[in-house]
Each structure stands twice: as C-alpha cells, then as structure tokens.
file entry_16.pdb (PDB, C-alpha atoms)
MODEL        1
ATOM      1  CA  MET A  29      14.721  -6.184  16.310
ATOM      2  CA  THR A  30      12.242  -3.506  15.417
ATOM      3  CA  MET A  31      14.118  -1.608  12.742
ATOM      4  CA  PRO A  32      17.654  -0.282  12.216
ATOM      5  CA  PRO A  33      18.259   2.995  14.076
ATOM      6  CA  LEU A  34      19.333   4.788  10.927
ATOM      7  CA  VAL A  35      16.103   3.891   9.151
ATOM      8  CA  PHE A  36      14.121   4.981  12.185
ATOM      9  CA  ALA A  37      15.992   8.298  12.360
ATOM     10  CA  PHE A  38      15.237   8.996   8.710
ATOM     11  CA  LEU A  39      11.553   8.067   9.029
ATOM     12  CA  ALA A  40      11.126  10.012  12.268
ATOM     13  CA  ALA A  41      12.724  13.137  10.816
ATOM     14  CA  LEU A  42      10.540  12.837   7.726
ATOM     15  CA  ALA A  43       7.414  12.415   9.868
ATOM     16  CA  ILE A  44       8.220  15.484  11.962
ATOM     17  CA  ILE A  45       9.040  17.622   8.920
ATOM     18  CA  ALA A  46       5.875  16.543   7.131
ATOM     19  CA  SER A  47       3.767  17.192  10.239
ATOM     20  CA  LEU A  48       5.264  20.646  10.611
ATOM     21  CA  GLY A  49       4.421  21.184   6.955
ATOM     22  CA  VAL A  50       0.791  20.378   7.747
ATOM     23  CA  ILE A  51       0.457  23.166  10.272
ATOM     24  CA  LEU A  52       2.822  25.755   8.777
ATOM     25  CA  GLN A  53       1.945  25.920   5.091
ATOM     26  CA  ARG A  54      -0.633  28.455   3.996
ATOM     27  CA  ASN A  55      -2.181  26.665   1.046
ATOM     28  CA  PRO A  56      -4.623  23.976   2.309
ATOM     29  CA  VAL A  57      -3.813  21.730  -0.658
ATOM     30  CA  HIS A  58      -0.143  21.727   0.337
ATOM     31  CA  CYS A  59      -1.199  20.931   3.896
ATOM     32  CA  VAL A  60      -3.160  17.902   2.725
ATOM     33  CA  LEU A  61      -0.316  16.647   0.515
ATOM     34  CA  SER A  62       2.126  17.080   3.378
ATOM     35  CA  PHE A  63      -0.216  15.155   5.638
ATOM     36  CA  ALA A  64      -0.429  12.358   3.066
ATOM     37  CA  LEU A  65       3.372  12.130   3.216
ATOM     38  CA  ALA A  66       3.260  11.963   7.019
ATOM     39  CA  LEU A  67       0.601   9.229   6.899
ATOM     40  CA  THR A  68       2.610   7.124   4.466
ATOM     41  CA  ASP A  69       5.634   7.566   6.699
ATOM     42  CA  ILE A  70       3.689   6.421   9.769
ATOM     43  CA  GLY A  71       2.428   3.446   7.779
ATOM     44  CA  VAL A  72       6.016   2.434   7.045
ATOM     45  CA  LEU A  73       6.785   2.808  10.756
ATOM     46  CA  PHE A  74       3.888   0.440  11.488
ATOM     47  CA  MET A  75       5.405  -2.108   9.125
ATOM     48  CA  GLY A  76       8.768  -1.683  10.824
ATOM     49  CA  LEU A  77       7.076  -2.503  14.113
ATOM     50  CA  GLY A  78       5.698  -5.745  12.694
ATOM     51  CA  ALA A  79       2.175  -4.497  12.060
ATOM     52  CA  VAL A  80       2.308  -5.118   8.324
ATOM     53  CA  THR A  81      -1.447  -5.447   7.805
ATOM     54  CA  VAL A  82      -2.248  -2.290   9.709
ATOM     55  CA  GLY A  83       0.518  -0.442   7.883
ATOM     56  CA  PHE A  84      -0.930  -1.294   4.498
ATOM     57  CA  LEU A  85      -4.440  -0.481   5.757
ATOM     58  CA  GLN A  86      -3.147   2.878   6.886
ATOM     59  CA  ILE A  87      -1.768   3.652   3.444
ATOM     60  CA  VAL A  88      -4.763   2.327   1.514
ATOM     61  CA  VAL A  89      -7.542   3.758   3.674
ATOM     62  CA  TYR A  90      -5.954   6.937   4.998
ATOM     63  CA  VAL A  91      -3.868   8.086   2.073
ATOM     64  CA  GLY A  92      -5.981   6.513  -0.622
ATOM     65  CA  ALA A  93      -9.444   7.401   0.633
ATOM     66  CA  ILE A  94      -9.528   9.990   3.404
ATOM     67  CA  MET A  95      -6.868  12.309   2.002
ATOM     68  CA  ILE A  96      -8.461  12.203  -1.429
ATOM     69  CA  LEU A  97     -11.764  13.124   0.217
ATOM     70  CA  PHE A  98     -10.062  16.144   1.782
ATOM     71  CA  LEU A  99      -8.596  17.131  -1.585
ATOM     72  CA  PHE A 100     -11.980  16.809  -3.283
ATOM     73  CA  VAL A 101     -13.622  19.013  -0.682
ATOM     74  CA  ILE A 102     -10.924  21.676  -0.988
ATOM     75  CA  TRP A 103     -11.177  21.725  -4.767
ATOM     76  CA  LEU A 104     -14.989  21.660  -4.617
ATOM     77  CA  LEU A 105     -15.183  24.656  -2.298
ATOM     78  CA  ASN A 106     -12.439  26.717  -3.946
ATOM     79  CA  ILE A 107     -10.922  27.785  -0.653
ATOM     80  CA  GLN A 108      -7.683  29.027  -2.212
ATOM     81  CA  ALA A 109      -8.593  32.686  -1.868
ATOM     82  CA  ASP A 110      -9.409  32.246   1.786
ATOM     83  CA  ALA A 111      -5.878  31.112   2.575
ATOM     84  CA  LEU A 112      -4.379  34.473   1.650
ATOM     85  CA  LYS A 113      -6.318  36.525   4.153
ATOM     86  CA  PRO A 114      -4.341  38.142   6.998
ATOM     87  CA  ARG A 115      -3.559  35.979   9.953
ATOM     88  CA  GLY A 116      -5.521  35.992  13.171
ATOM     89  CA  ASN A 117      -4.682  36.813  16.748
ATOM     90  CA  LEU A 118      -0.920  36.556  17.365
ATOM     91  CA  GLY A 119      -1.275  36.250  21.133
ATOM     92  CA  ILE A 120      -3.458  33.165  20.852
ATOM     93  CA  LYS A 121      -0.978  31.609  18.434
ATOM     94  CA  PHE A 122       1.934  32.311  20.751
ATOM     95  CA  ALA A 123       0.042  30.828  23.701
ATOM     96  CA  GLY A 124      -0.908  27.817  21.584
ATOM     97  CA  ALA A 125       2.674  27.153  20.593
ATOM     98  CA  ILE A 126       3.837  27.454  24.205
ATOM     99  CA  GLY A 127       1.050  25.135  25.344
ATOM    100  CA  ALA A 128       1.915  22.535  22.706
ATOM    101  CA  ALA A 129       5.590  22.643  23.710
ATOM    102  CA  ALA A 130       4.587  22.196  27.360
ATOM    103  CA  LEU A 131       2.394  19.250  26.376
ATOM    104  CA  ALA A 132       5.303  17.647  24.487
ATOM    105  CA  ALA A 133       7.549  18.069  27.526
ATOM    106  CA  GLU A 134       4.909  16.579  29.792
ATOM    107  CA  LEU A 135       4.454  13.568  27.513
ATOM    108  CA  PHE A 136       8.224  13.083  27.443
ATOM    109  CA  VAL A 137       8.405  13.081  31.238
ATOM    110  CA  THR A 138       5.466  10.674  31.462
ATOM    111  CA  PHE A 139       6.961   8.245  28.981
ATOM    112  CA  SER A 140      10.436   8.361  30.476
ATOM    113  CA  SER A 141       9.052   7.576  33.936
ATOM    114  CA  TYR A 142       7.262   4.538  32.541
ATOM    115  CA  PRO A 143       8.592   1.433  34.301
ATOM    116  CA  ARG A 144      11.204  -0.307  32.232
ATOM    117  CA  MET A 145       9.751  -3.523  30.942
ATOM    118  CA  ARG A 146      11.684  -6.188  29.143
ATOM    119  CA  GLU A 147      10.756  -6.294  25.503
ATOM    120  CA  ILE A 148       9.396  -9.635  24.438
ATOM    121  CA  ARG A 149      11.962 -11.174  22.136
ATOM    122  CA  THR A 150      10.122 -14.197  20.849
ATOM    123  CA  MET A 151       7.386 -12.964  18.597
ATOM    124  CA  PRO A 152       4.921 -15.468  17.166
ATOM    125  CA  PRO A 153       5.771 -16.074  13.509
ATOM    126  CA  ASP A 154       2.452 -14.701  12.261
ATOM    127  CA  PHE A 155       2.636 -11.503  14.333
ATOM    128  CA  GLY A 156       0.759  -8.787  12.483
ATOM    129  CA  SER A 157      -0.243 -10.925   9.511
ATOM    130  CA  ILE A 158      -3.640 -10.644   7.872
ATOM    131  CA  ALA A 159      -4.735 -14.032   9.206
ATOM    132  CA  SER A 160      -3.901 -13.265  12.819
ATOM    133  CA  VAL A 161      -5.456  -9.786  12.711
ATOM    134  CA  ALA A 162      -8.597 -11.218  11.127
ATOM    135  CA  ARG A 163      -8.766 -14.003  13.688
ATOM    136  CA  MET A 164      -8.778 -11.485  16.537
ATOM    137  CA  LEU A 165     -11.185  -9.221  14.696
ATOM    138  CA  PHE A 166     -13.772 -11.949  14.240
ATOM    139  CA  SER A 167     -13.426 -13.599  17.632
ATOM    140  CA  ASP A 168     -12.502 -11.267  20.494
ATOM    141  CA  TYR A 169     -13.635  -8.060  18.830
ATOM    142  CA  LEU A 170     -16.657  -9.334  16.925
ATOM    143  CA  VAL A 171     -19.176  -7.070  18.670
ATOM    144  CA  ALA A 172     -17.007  -4.008  18.149
ATOM    145  CA  PHE A 173     -16.598  -4.960  14.495
ATOM    146  CA  GLU A 174     -20.353  -5.136  13.972
ATOM    147  CA  VAL A 175     -20.901  -1.870  15.800
ATOM    148  CA  THR A 176     -18.298  -0.349  13.486
ATOM    149  CA  SER A 177     -20.374  -1.336  10.470
ATOM    150  CA  LEU A 178     -23.370   0.431  12.027
ATOM    151  CA  LEU A 179     -21.195   3.477  12.655
ATOM    152  CA  LEU A 180     -20.110   3.590   9.019
ATOM    153  CA  LEU A 181     -23.718   3.294   7.861
ATOM    154  CA  ALA A 182     -24.734   6.156  10.140
ATOM    155  CA  ALA A 183     -21.794   8.219   8.884
ATOM    156  CA  ILE A 184     -22.807   7.674   5.260
ATOM    157  CA  VAL A 185     -26.393   8.707   5.925
ATOM    158  CA  GLY A 186     -25.284  11.667   8.011
ATOM    159  CA  ALA A 187     -22.786  12.898   5.450
ATOM    160  CA  ILE A 188     -25.342  12.754   2.649
ATOM    161  CA  ALA A 189     -28.022  14.443   4.767
ATOM    162  CA  LEU A 190     -25.633  17.227   5.781
ATOM    163  CA  ALA A 191     -24.053  17.916   2.425
ATOM    164  CA  ARG A 192     -26.973  17.595   0.016
ATOM    165  CA  THR A 193     -28.434  20.710  -1.517
ATOM    166  CA  THR A 194     -32.109  21.420  -1.066
ATOM    167  CA  THR A 195     -33.104  20.749  -4.648
ATOM    168  CA  GLY A 196     -30.453  18.152  -5.202
ATOM    169  CA  ALA A 197     -29.183  19.827  -8.376
ATOM    170  CA  ALA A 198     -28.240  23.381  -7.369
ATOM    171  CA  SER A 199     -24.577  24.327  -7.479
ATOM    172  CA  PRO A 200     -23.245  25.535  -4.115
ATOM    173  CA  ALA A 201     -21.667  28.600  -5.705
ATOM    174  CA  LEU A 202     -24.949  29.830  -7.153
ATOM    175  CA  PRO A 203     -27.542  31.573  -4.989
ATOM    176  CA  VAL A 204     -30.238  29.092  -4.154
ATOM    177  CA  THR A 205     -33.754  30.218  -4.870
ATOM    178  CA  VAL A 206     -36.110  29.777  -1.974
ATOM    179  CA  GLY A 207     -39.853  29.766  -1.706
ATOM    180  CA  GLY A 208     -42.310  30.490  -4.500
ATOM    181  CA  ASP A 209     -40.474  29.188  -7.541
ATOM    182  CA  ALA A 210     -39.932  25.712  -6.132
ATOM    183  CA  PRO A 211     -41.406  23.061  -8.427
ATOM    184  CA  ALA A 212     -44.957  22.340  -7.408
ATOM    185  CA  GLY A 213     -46.129  18.878  -6.587
ATOM    186  CA  ALA A 214     -42.870  17.840  -4.895
ATOM    187  CA  PRO A 215     -43.686  17.551  -1.198
ATOM    188  CA  VAL A 216     -40.279  16.152  -0.248
ATOM    189  CA  ASP A 217     -38.394  19.022  -1.920
ATOM    190  CA  ALA A 218     -40.746  21.572  -0.411
ATOM    191  CA  ALA A 219     -40.266  20.155   3.056
ATOM    192  CA  SER A 220     -36.485  20.062   2.810
ATOM    193  CA  SER A 221     -36.242  23.560   1.366
ATOM    194  CA  SER A 222     -38.406  24.920   4.152
ATOM    195  CA  ILE A 223     -36.020  23.317   6.623
ATOM    196  CA  ALA A 224     -32.943  24.718   4.898
ATOM    197  CA  SER A 225     -34.404  28.192   4.569
ATOM    198  CA  GLY A 226     -33.960  28.702   8.296
ATOM    199  CA  SER A 227     -30.386  29.852   7.671
ATOM    200  CA  PRO A 228     -29.986  33.619   7.449
ATOM    201  CA  ALA A 229     -27.698  33.568   4.382
ATOM    202  CA  ARG A 230     -30.317  31.796   2.336
ATOM    203  CA  GLU A 231     -33.050  34.217   3.273
ATOM    204  CA  HIS A 232     -31.029  37.246   2.230
ATOM    205  CA  ALA A 233     -29.972  35.650  -1.044
TER     206      ALA A 233
ATOM    207  CA  MET B 122      17.427  -2.234  16.740
ATOM    208  CA  THR B 123      15.489   0.786  17.860
ATOM    209  CA  PRO B 124      14.084   0.870  21.400
ATOM    210  CA  ILE B 125      10.327   1.161  21.720
ATOM    211  CA  SER B 126      10.747   4.347  23.758
ATOM    212  CA  TYR B 127      11.975   6.146  20.627
ATOM    213  CA  PHE B 128       8.668   5.373  18.956
ATOM    214  CA  MET B 129       6.872   6.724  22.005
ATOM    215  CA  ALA B 130       8.919   9.912  21.847
ATOM    216  CA  LEU B 131       8.063  10.337  18.164
ATOM    217  CA  SER B 132       4.410   9.772  19.027
ATOM    218  CA  ALA B 133       4.585  12.503  21.686
ATOM    219  CA  ILE B 134       6.179  14.947  19.231
ATOM    220  CA  LEU B 135       3.565  14.262  16.559
ATOM    221  CA  PHE B 136       0.735  14.662  19.067
ATOM    222  CA  ALA B 137       2.136  17.998  20.243
ATOM    223  CA  ILE B 138       2.447  19.180  16.642
ATOM    224  CA  GLY B 139      -1.209  18.284  16.144
ATOM    225  CA  VAL B 140      -2.213  20.236  19.237
ATOM    226  CA  ALA B 141      -0.206  23.222  18.029
ATOM    227  CA  GLY B 142      -1.957  23.004  14.658
ATOM    228  CA  VAL B 143      -5.393  23.159  16.264
ATOM    229  CA  MET B 144      -4.260  26.126  18.361
ATOM    230  CA  ILE B 145      -2.531  28.302  15.784
ATOM    231  CA  ARG B 146      -4.451  27.655  12.575
ATOM    232  CA  ARG B 147      -7.829  29.236  11.868
ATOM    233  CA  ASN B 148      -8.644  27.318   8.701
ATOM    234  CA  VAL B 149     -11.213  24.697   9.677
ATOM    235  CA  ILE B 150      -9.858  22.130   7.227
ATOM    236  CA  VAL B 151      -6.301  22.466   8.553
ATOM    237  CA  MET B 152      -7.594  22.195  12.125
ATOM    238  CA  PHE B 153      -9.351  19.011  11.059
ATOM    239  CA  LEU B 154      -6.102  17.702   9.544
ATOM    240  CA  SER B 155      -4.341  18.435  12.836
ATOM    241  CA  ILE B 156      -6.925  16.362  14.706
ATOM    242  CA  GLU B 157      -6.242  13.497  12.314
ATOM    243  CA  LEU B 158      -2.536  13.947  13.011
ATOM    244  CA  MET B 159      -3.191  13.524  16.738
ATOM    245  CA  LEU B 160      -5.157  10.343  16.005
ATOM    246  CA  ASN B 161      -2.181   8.995  14.079
ATOM    247  CA  ALA B 162       0.242   9.816  16.875
ATOM    248  CA  VAL B 163      -1.930   7.771  19.240
ATOM    249  CA  ASN B 164      -2.062   4.959  16.675
ATOM    250  CA  LEU B 165       1.718   4.890  16.601
ATOM    251  CA  ALA B 166       1.805   4.617  20.391
ATOM    252  CA  PHE B 167      -0.731   1.770  20.250
ATOM    253  CA  VAL B 168       1.293  -0.230  17.749
ATOM    254  CA  ALA B 169       4.606   0.416  19.523
ATOM    255  CA  LEU B 170       3.292  -0.607  22.941
ATOM    256  CA  GLY B 171       1.536  -3.627  21.453
ATOM    257  CA  ARG B 172       4.863  -4.646  19.996
ATOM    258  CA  ARG B 173       6.482  -4.234  23.374
ATOM    259  CA  MET B 174       3.856  -6.365  25.102
ATOM    260  CA  GLY B 175       3.933  -8.971  22.361
ATOM    261  CA  SER B 176       0.190  -8.511  21.958
ATOM    262  CA  MET B 177      -1.817  -7.790  18.847
ATOM    263  CA  ASP B 178      -4.676  -6.000  20.565
ATOM    264  CA  GLY B 179      -3.013  -2.675  19.796
ATOM    265  CA  GLN B 180      -3.162  -3.387  16.080
ATOM    266  CA  VAL B 181      -6.857  -4.274  16.232
ATOM    267  CA  ILE B 182      -7.529  -1.046  18.126
ATOM    268  CA  VAL B 183      -5.676   0.851  15.394
ATOM    269  CA  PHE B 184      -7.929  -0.832  12.842
ATOM    270  CA  PHE B 185     -10.967   0.511  14.688
ATOM    271  CA  VAL B 186      -9.416   3.946  15.063
ATOM    272  CA  ILE B 187      -8.838   4.129  11.305
ATOM    273  CA  THR B 188     -12.484   3.201  10.719
ATOM    274  CA  VAL B 189     -13.749   5.811  13.147
ATOM    275  CA  ALA B 190     -11.439   8.391  11.589
ATOM    276  CA  ALA B 191     -12.923   7.638   8.169
ATOM    277  CA  ALA B 192     -16.455   8.153   9.504
ATOM    278  CA  GLU B 193     -15.355  11.298  11.294
ATOM    279  CA  ALA B 194     -13.746  12.674   8.148
ATOM    280  CA  ALA B 195     -16.861  12.044   6.070
ATOM    281  CA  VAL B 196     -19.223  13.713   8.541
ATOM    282  CA  GLY B 197     -16.813  16.537   9.362
ATOM    283  CA  LEU B 198     -16.201  17.389   5.728
ATOM    284  CA  ALA B 199     -19.936  17.310   5.070
ATOM    285  CA  LEU B 200     -20.351  19.788   7.916
ATOM    286  CA  ILE B 201     -17.631  22.005   6.447
ATOM    287  CA  VAL B 202     -19.315  21.885   3.043
ATOM    288  CA  ALA B 203     -22.663  22.831   4.577
ATOM    289  CA  VAL B 204     -21.155  25.682   6.583
ATOM    290  CA  PHE B 205     -19.216  26.977   3.580
ATOM    291  CA  ARG B 206     -22.381  26.966   1.524
ATOM    292  CA  ASN B 207     -24.087  29.217   4.057
ATOM    293  CA  ARG B 208     -21.266  31.484   5.223
ATOM    294  CA  GLU B 209     -18.786  31.414   2.288
ATOM    295  CA  THR B 210     -15.850  30.936   4.646
ATOM    296  CA  VAL B 211     -13.823  28.238   6.366
ATOM    297  CA  ASN B 212     -12.174  30.602   8.828
ATOM    298  CA  ALA B 213     -13.014  29.578  12.375
ATOM    299  CA  ASP B 214     -12.837  33.184  13.579
ATOM    300  CA  GLU B 215     -15.667  34.206  11.257
ATOM    301  CA  LEU B 216     -17.945  31.359  12.307
ATOM    302  CA  ASN B 217     -19.155  33.136  15.427
ATOM    303  CA  LEU B 218     -22.917  32.744  15.309
ATOM    304  CA  LEU B 219     -22.889  30.725  18.520
ATOM    305  CA  ARG B 220     -20.735  33.243  20.393
ATOM    306  CA  TRP B 221     -22.552  35.024  23.221
TER     307      TRP B 221
ENDMDL
END

call {"tool": "encode", "arguments": {"input": "entry_16.pdb", "output": "structure tokens"}}
result
Amino acid sequence: MTMPPLVFAFLAALAIIASLGVILQRNPVHCVLSFALALTDIGVLFMGLGAVTVGFLQIVVYVGAIMILFLFVIWLLNIQADALKPRGNLGIKFAGAIGAAALAAELFVTFSSYPRMREIRTMPPDFGSIASVARMLFSDYLVAFEVTSLLLLAAIVGAIALARTTTGAASPALPVTVGGDAPAGAPVDAASSSIASGSPAREHA
Amino acid sequence: MTPISYFMALSAILFAIGVAGVMIRRNVIVMFLSIELMLNAVNLAFVALGRRMGSMDGQVIVFFVITVAAAEAAVGLALIVAVFRNRETVNADELNLLRW
C-alpha cells in the first residue's frame, strides 16, 4: 500500500549512505552535495507515503533553495583550505559516535514498543494533493501560516543585518578600514562602522 | 507494501546519524548540515505517522518545518559569514571567545 519493499530498501539504503557521506567526507562541498542527494531521496519517500505535495516542496525548497544557499556560502568564504587541517579531539569523537549509536538503539526500542495500531486502509482519494493541503493550511492552520510569514520577514531582515559589511561595498577578504578614513557626511555608515568596530579582529586590522 | 514501522526505523537511523555529525565534526557548516538532517528525519516520522493515522496534519506540520528550516538556514549562514569575516575560521574549536 505504501510502496514496494524493494523500492523502499533501495531508497532507505541510499538515504543512509548519503547521510553518512554528509558527516564523513572532508570537503564541505561534497558534504552539501551528499546532503542534497539525501534530501531528494527523502522527498521521494514522502511521495511514496502519499504526501506528493510535500515531497515536491521538499525537493524544490530544500534542494533547490537551501542547499544552493549553503553552496554559495561555502564558495563565498573559500573554506576549502580549512577542511584540510588536522582533526580535533579523538576522545570526543569516539564518545559522540557511541552516544549516537546508543540514541539509535533507544529510538528503536521506543518505536518497537509503540502499540500496534491498524493502518487505515481507505485513504481519501485526494490524500496529500495540493488542494487538500492548501485547504488545511488556510483553514485549521491559518494563524500558524500568517505567523510563518512574519517569521520569514524577520529572518530576511536578520540575515541582511548580520551579513552586511559596514560600508556595504567592502569585500570580506580585504581588511576593512575603520575610523578616520570613513566617508564624511554619512551618519548611517559612521554609526554602523562604530558598532562593528567593537570586534577585536577589526581593531587590529 | 512496506510497513510504517520501517519508515520509523529509517527515521531513527537518520536522526542518529545527524546527532553523530554534530558530535564528531568541528566544521560549523557541516554541523549545521547535520542539524538539517535531524530535521528531515523528524519530517519523515511526521509523514509516516500521518499516513498511518490517515490524517494530513503531519504533512502540514512538515510544510511548517520546511519553512522554519529555510529561515534558520538563512540566519545561521549569515551568522557563519559574519563570524568568518571576523575570525577567518569555521572551526568550532577555534571559536572559543565565550569559553570561561
């Protein structure tokens, strides 16, 4: 009813391999590409579960927008050299791996002790369609939907405020000049540069 | 047909892989990716259980989770950009200004 077991086995194996690729590869770009593969795979699993709209949203929004944002940031910052530095504390990594394995075992036990419930066989014909998702979104979840729009607006403003340079035109790789040689007669720029000059790296530059 | 419990097991495995990624990696961007992986594991559990209950509330919740993840990614990456501009690193071990 959900999907053939062979298809599920293939998709599950691909999801696990891609997820392991996210955390085991050294190059961050490879990590992001591997994660994009895992996201697409999970989107196909959504479709196999009947959630066709959410599956396509997952692929369009996650793979098409968020992953590309990650790639842009990695290429913008030129982090490649950082990935080749020696690794950190081995003890913490060992403990982390053990803890994650224990967490997986605990989740397995929790799920297997879940009371067996009969799966509902008669799905409504429009289960997971755009119309039915939209109907719920604009009736039962209308307040949450509107609050989500406010959240996105706040995120846009916050991202711009956090990531903008003080002069608006300086490249992040170049040392930013602070203080006397700021263009006169620009009170907004002067105020923002005085705020940003609180960081120690800027003052030593 | 595949039982719903298999989807739950896959969700548990993916969540544990995400936790392991946050624990063992020191690159801030990869830690961020691992958090997104945990979000997706929970999304999978939402959709699978919604299917089992015959309810579509799980799918709507996943819609909201995707939206919040997009906002989180934008703000988080802006933070990473700002930190990299000041410290020239994305290694979490070197970002120790707040350590006592």

call {"tool": "closest_residue", "arguments": {"input": "entry_16.pdb", "among": "A:Gln53, A:Phe136, A:Leu61, A:Val171", "to": "Tyr127 (chain B)", "atoms": "all atoms listed in the file"}}
result
A:Phe136

call {"tool": "closest_residue", "arguments": {"input": "entry_16.pdb", "among": "A:Leu170, A:Ala129, A:Phe84, A:Leu65", "to": "chain B", "atoms": "all atoms listed in the file"}}
result
A:Ala129

call {"tool": "resolve_selection", "arguments": {"input": "entry_16.pdb", "expression": "the PyMOL selection byres ((chain B) within 7 of (chain A))", "output": "VMD selection string"}}
result
chain B and resid 122 to 123 130 to 131 133 to 135 137 to 138 140 to 142 144 to 145 151 168 to 169 172 to 175 177 180 to 181 184 191 to 192 194 to 196 199 to 200 202 to 203 206 to 208

call {"tool": "residues_around", "arguments": {"input": "entry_16.pdb", "residues": "Arg147 (chain B)", "least_positions_apart": "5", "cutoff": "7 Å", "atoms": "only C-alpha atoms", "output": "list in words"}}
result
Asn212, Ala213 and Asp214 of chain B

call {"tool": "write_last_selection", "arguments": {"input": "entry_16.pdb", "atoms": "C-alpha atoms", "output": "mmCIF file, keeping the file's coordinate frame"}}
result
data_model
loop_
_atom_site.group_PDB
_atom_site.id
_atom_site.type_symbol
_atom_site.label_atom_id
_atom_site.label_comp_id
_atom_site.auth_asym_id
_atom_site.auth_seq_id
_atom_site.Cartn_x
_atom_site.Cartn_y
_atom_site.Cartn_z
ATOM 1 C CA ASN B 212 -12.174 30.602 8.828
ATOM 2 C CA ALA B 213 -13.014 29.578 12.375
ATOM 3 C CA ASP B 214 -12.837 33.184 13.579
#

call {"tool": "atom_distance", "arguments": {"input": "entry_16.pdb", "atom1": "CA of Thr188 (chain B)", "atom2": "CA of Phe205 (chain B)"}}
result
25.7 Å

call {"tool": "atom_distance", "arguments": {"input": "entry_16.pdb", "atom1": "CA of Val88 (chain A)", "atom2": "CA of Val143 (chain B)"}}
result
25.5 Å

call {"tool": "build_atoms", "arguments": {"input": "entry_16.pdb", "residues": "region 153-175 of chain A", "atoms": "N, CA and C atoms", "output": "PDB file, in the frame of the given file"}}
result
ATOM      1  N   PRO A 153       5.362 -16.266  14.913  1.00  0.00           N
ATOM      2  CA  PRO A 153       5.771 -16.074  13.509  1.00  0.00           C
ATOM      3  C   PRO A 153       4.749 -15.316  12.675  1.00  0.00           C
ATOM      4  N   ASP A 154       3.469 -15.384  13.069  1.00  0.00           N
ATOM      5  CA  ASP A 154       2.452 -14.701  12.261  1.00  0.00           C
ATOM      6  C   ASP A 154       2.043 -13.385  12.905  1.00  0.00           C
ATOM      7  N   PHE A 155       2.963 -12.762  13.651  1.00  0.00           N
ATOM      8  CA  PHE A 155       2.636 -11.503  14.333  1.00  0.00           C
ATOM      9  C   PHE A 155       2.333 -10.419  13.306  1.00  0.00           C
ATOM     10  N   GLY A 156       1.118  -9.877  13.366  1.00  0.00           N
ATOM     11  CA  GLY A 156       0.759  -8.787  12.483  1.00  0.00           C
ATOM     12  C   GLY A 156       0.319  -9.209  11.096  1.00  0.00           C
ATOM     13  N   SER A 157       0.186 -10.508  10.844  1.00  0.00           N
ATOM     14  CA  SER A 157      -0.243 -10.925   9.511  1.00  0.00           C
ATOM     15  C   SER A 157      -1.749 -10.745   9.362  1.00  0.00           C
ATOM     16  N   ILE A 158      -2.210 -10.824   8.126  1.00  0.00           N
ATOM     17  CA  ILE A 158      -3.640 -10.644   7.872  1.00  0.00           C
ATOM     18  C   ILE A 158      -4.449 -11.698   8.614  1.00  0.00           C
ATOM     19  N   ALA A 159      -3.963 -12.951   8.590  1.00  0.00           N
ATOM     20  CA  ALA A 159      -4.735 -14.032   9.206  1.00  0.00           C
ATOM     21  C   ALA A 159      -4.880 -13.811  10.696  1.00  0.00           C
ATOM     22  N   SER A 160      -3.804 -13.413  11.364  1.00  0.00           N
ATOM     23  CA  SER A 160      -3.901 -13.265  12.819  1.00  0.00           C
ATOM     24  C   SER A 160      -4.739 -12.050  13.199  1.00  0.00           C
ATOM     25  N   VAL A 161      -4.604 -10.956  12.434  1.00  0.00           N
ATOM     26  CA  VAL A 161      -5.456  -9.786  12.711  1.00  0.00           C
ATOM     27  C   VAL A 161      -6.919 -10.152  12.498  1.00  0.00           C
ATOM     28  N   ALA A 162      -7.209 -10.860  11.417  1.00  0.00           N
ATOM     29  CA  ALA A 162      -8.597 -11.218  11.127  1.00  0.00           C
ATOM     30  C   ALA A 162      -9.138 -12.169  12.173  1.00  0.00           C
ATOM     31  N   ARG A 163      -8.281 -13.059  12.675  1.00  0.00           N
ATOM     32  CA  ARG A 163      -8.766 -14.003  13.688  1.00  0.00           C
ATOM     33  C   ARG A 163      -9.195 -13.248  14.946  1.00  0.00           C
ATOM     34  N   MET A 164      -8.382 -12.260  15.358  1.00  0.00           N
ATOM     35  CA  MET A 164      -8.778 -11.485  16.537  1.00  0.00           C
ATOM     36  C   MET A 164     -10.031 -10.661  16.260  1.00  0.00           C
ATOM     37  N   LEU A 165     -10.086 -10.115  15.041  1.00  0.00           N
ATOM     38  CA  LEU A 165     -11.185  -9.221  14.696  1.00  0.00           C
ATOM     39  C   LEU A 165     -12.516  -9.956  14.738  1.00  0.00           C
ATOM     40  N   PHE A 166     -12.517 -11.216  14.326  1.00  0.00           N
ATOM     41  CA  PHE A 166     -13.772 -11.949  14.240  1.00  0.00           C
ATOM     42  C   PHE A 166     -13.998 -12.877  15.416  1.00  0.00           C
ATOM     43  N   SER A 167     -13.141 -12.808  16.426  1.00  0.00           N
ATOM     44  CA  SER A 167     -13.426 -13.599  17.632  1.00  0.00           C
ATOM     45  C   SER A 167     -13.558 -12.674  18.848  1.00  0.00           C
ATOM     46  N   ASP A 168     -12.452 -12.088  19.281  1.00  0.00           N
ATOM     47  CA  ASP A 168     -12.502 -11.267  20.494  1.00  0.00           C
ATOM     48  C   ASP A 168     -13.236  -9.953  20.263  1.00  0.00           C
ATOM     49  N   TYR A 169     -13.104  -9.395  19.075  1.00  0.00           N
ATOM     50  CA  TYR A 169     -13.635  -8.060  18.830  1.00  0.00           C
ATOM     51  C   TYR A 169     -14.826  -8.090  17.885  1.00  0.00           C
ATOM     52  N   LEU A 170     -15.576  -9.184  17.906  1.00  0.00           N
ATOM     53  CA  LEU A 170     -16.657  -9.334  16.925  1.00  0.00           C
ATOM     54  C   LEU A 170     -17.743  -8.282  17.141  1.00  0.00           C
ATOM     55  N   VAL A 171     -18.106  -8.044  18.395  1.00  0.00           N
ATOM     56  CA  VAL A 171     -19.176  -7.070  18.670  1.00  0.00           C
ATOM     57  C   VAL A 171     -18.733  -5.675  18.227  1.00  0.00           C
ATOM     58  N   ALA A 172     -17.505  -5.320  18.559  1.00  0.00           N
ATOM     59  CA  ALA A 172     -17.007  -4.008  18.149  1.00  0.00           C
ATOM     60  C   ALA A 172     -16.976  -3.895  16.631  1.00  0.00           C
ATOM     61  N   PHE A 173     -16.631  -4.978  15.957  1.00  0.00           N
ATOM     62  CA  PHE A 173     -16.598  -4.960  14.495  1.00  0.00           C
ATOM     63  C   PHE A 173     -17.982  -4.685  13.920  1.00  0.00           C
ATOM     64  N   GLU A 174     -18.989  -5.350  14.478  1.00  0.00           N
ATOM     65  CA  GLU A 174     -20.353  -5.136  13.972  1.00  0.00           C
ATOM     66  C   GLU A 174     -20.832  -3.724  14.271  1.00  0.00           C
ATOM     67  N   VAL A 175     -20.506  -3.238  15.461  1.00  0.00           N
ATOM     68  CA  VAL A 175     -20.901  -1.870  15.800  1.00  0.00           C
ATOM     69  C   VAL A 175     -20.227  -0.879  14.857  1.00  0.00           C
TER      70      VAL A 175
END
